[in-house]
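Here is the structure we will look at, set down as structure tokens.
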Amino acid sequence: MSTNNKGFFKENFPLVVILLIPIAIAINVVGGTMTSALKLPIALDMIGVILVGALAGPIPAAITGALTNLVNGIFDPSWIPYAITAFFIGIAAGLLSKFNMMNKVWKIVISGVIIAVVAIVFSVPIKVFVFGGADGDGSSMLAAGLMATGRSILQSVLSVSLVVETIGKLLSIFIAYLIARAIPERTLVKYKYGKNFIKEK
């Protein structure tokens with residue numbers, strides 16, 4: 001391994017991040033399983049990805065996102081095409097944290113909307129062109145209802161996604177924020193952006 005590669009790995013994947021990633025994936029899998037089992041229209045499978053992005057930056061979060069969908073894909077292959085969506089959600093979350101956009105309510109709201117837009121940009125084409133508008137999640141039933149009124153698949157999926165992704169990502173980022181704030185300061189300082197979540201005294 002070259003010196004540059006070692007430096008890149010050391011910067012992005014210190015031990016605390018390596019230990020955080022499987023925990024974050026577990027959080028995502030639980031959220032994804034709950035979403036699928038209950039046919040919820042609001043997806044809660046990106047909380048861990050956003051948490052890793054908030055603490056460790058875009059690269060670890062992107063890896064966490066892709067791995068999450070591959071793990072979920074073992075039980076439900078329909079998750080696998082969305083690995084690219086999860087990857088870019090991780091990139092977005094990490095960049096937003098880099099610019100300190102996750103430590104106040106108004107910033108969290110803006111960041112949640114931005115992450116929702118990223119999710120929509122990458123997930124809607126997959127849902128429409130790979131799954132024909134119905135991949136089995138709760139939002140597919142809502143989209144099917146709109147299609148029954150005569151709207152096109154793209155219009156229906158996009159309309160539903162604008163609502164459910166915004167609500168889902170806002171909820172997810174708030175939960176990730178609360179988890180980050182609950183981490184002890186002595187641990188937070190070990191993460192690249194952990195200082196953003198240290199309570200002001």
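Following the order of the structure tokens, first chain is A, next is B, and so on, with residues numbered from 1 inside each chain and ligands from 1 in the order they appear.
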For region 157-162 of chain A, find every residue with an atom within 6 Å (counting only C-alpha atoms), except residues of its own chain fewer than 3 positions away, and show them as a PDB file with N, CA, C and O atoms, in the first residue's frame.
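Output below, filename result23.pdb:
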```
ATOM      1  N   ALA A 143     -48.148   5.495  -4.746  1.00  0.00           N
ATOM      2  CA  ALA A 143     -47.920   5.813  -6.160  1.00  0.00           C
ATOM      3  C   ALA A 143     -48.927   5.095  -7.049  1.00  0.00           C
ATOM      4  O   ALA A 143     -49.428   5.661  -8.034  1.00  0.00           O
ATOM      5  N   LEU A 154     -44.013   8.153 -13.786  1.00  0.00           N
ATOM      6  CA  LEU A 154     -43.010   9.110 -13.318  1.00  0.00           C
ATOM      7  C   LEU A 154     -43.640  10.190 -12.448  1.00  0.00           C
ATOM      8  O   LEU A 154     -43.114  10.521 -11.375  1.00  0.00           O
ATOM      9  N   GLU A 165     -39.986  11.161   1.042  1.00  0.00           N
ATOM     10  CA  GLU A 165     -38.541  11.285   1.238  1.00  0.00           C
ATOM     11  C   GLU A 165     -38.212  12.483   2.122  1.00  0.00           C
ATOM     12  O   GLU A 165     -37.329  12.398   2.988  1.00  0.00           O
TER      13      GLU A 165
END
```
Please identify every residue of region 89-193 of chain A that has at least one atom no farther than 8 Å from an atom of region 53-74 of chain A, counting only C-alpha atoms, and for each give the shortest atom pair and the distance in Å to one decimal, arranged by chain then increasing number, as a Markdown table.
```
| residue | atom | partner | partner_atom | distance |
| --- | --- | --- | --- | --- |
| A:Ile89 | CA | A:Ala62 | CA | 7.0 |
| A:Gly90 | CA | A:Ala62 | CA | 4.1 |
| A:Ile91 | CA | A:Pro58 | CA | 4.2 |
| A:Ala92 | CA | A:Pro58 | CA | 6.8 |
| A:Ala93 | CA | A:Gly53 | CA | 4.9 |
| A:Gly94 | CA | A:Pro58 | CA | 3.7 |
| A:Leu95 | CA | A:Pro58 | CA | 5.8 |
| A:Leu96 | CA | A:Ala54 | CA | 7.7 |
| A:Ser97 | CA | A:Ala54 | CA | 4.9 |
| A:Lys98 | CA | A:Gly57 | CA | 6.6 |
| A:Met102 | CA | A:Ala54 | CA | 7.1 |
| A:Tyr177 | CA | A:Ala54 | CA | 7.9 |
| A:Ala180 | CA | A:Leu55 | CA | 7.6 |
| A:Leu188 | CA | A:Leu55 | CA | 7.8 |
| A:Tyr191 | CA | A:Ala56 | CA | 5.7 |
| A:Lys192 | CA | A:Ala56 | CA | 5.2 |
| A:Tyr193 | CA | A:Leu55 | CA | 4.9 |
```
Considering only C-alpha atoms, return as a PyMOL selection string whatever protein or nucleic-acid residues lie within 10 Å of Ile23 (chain A), sequence-local ones (same chain, fewer than 6 positions apart) excluded.
-> chain A and resi 17+29+48+52+64
Please give the complete set of residues from chain A that DSSP, run on the backbone, assigns to helix (DSSP H, G or I), formatted as a VMD selection string.
-> chain A and resid 3 to 12 15 to 38 47 to 56 58 to 75 77 to 98 105 to 129 138 to 147 153 to 182 185 to 188 194 to 197
Record the distance separating CA of Gly112 (chain A) and CA of Leu170 (chain A), expressed in Å with one decimal.
->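 Between CA of Gly112 (chain A) and CA of Leu170 (chain A) the gap is 4.6 Å.
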From the list A:Leu171, A:Met34, A:Ile126, A:Leu142, which residue is nearest Ile108 (chain A) when using only C-alpha atoms?
->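 That would be A:Leu171, the residue with the smallest distance to Ile108 (chain A).
Among the candidates A:Gly7, A:Ala37, A:Ile198, A:Val49, the one nearest to Pro22 (chain A) when counting only C-alpha atoms is A:Val49.
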May I ask for the distance between CA of Gly194 (chain A) and CA of Ala43 (chain A), given in Å to one decimal place?
->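 Computed distance, CA of Gly194 (chain A) to CA of Ala43 (chain A), equals 25.7 Å.
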Nearest candidate to Lys169 (chain A) (options A:Phe13, A:Val117, A:Leu38, A:Asp76; using only C-alpha atoms) = A:Val117
Using only C-alpha atoms, find the one residue out of A:Ile167, A:Ser172, A:Arg186, A:Asn103 that sits nearest to Glu200 (chain A).
-> A:Asn103
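CA of Asn12 (chain A) lies 23.3 Å from CA of Ile175 (chain A).
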Can you work out which one of A:Ala176, A:Ile21, A:Val121, A:Val164 has the shortest atom-to-atom distance to Met46 (chain A), counting only C-alpha atoms?
-> A:Ala176
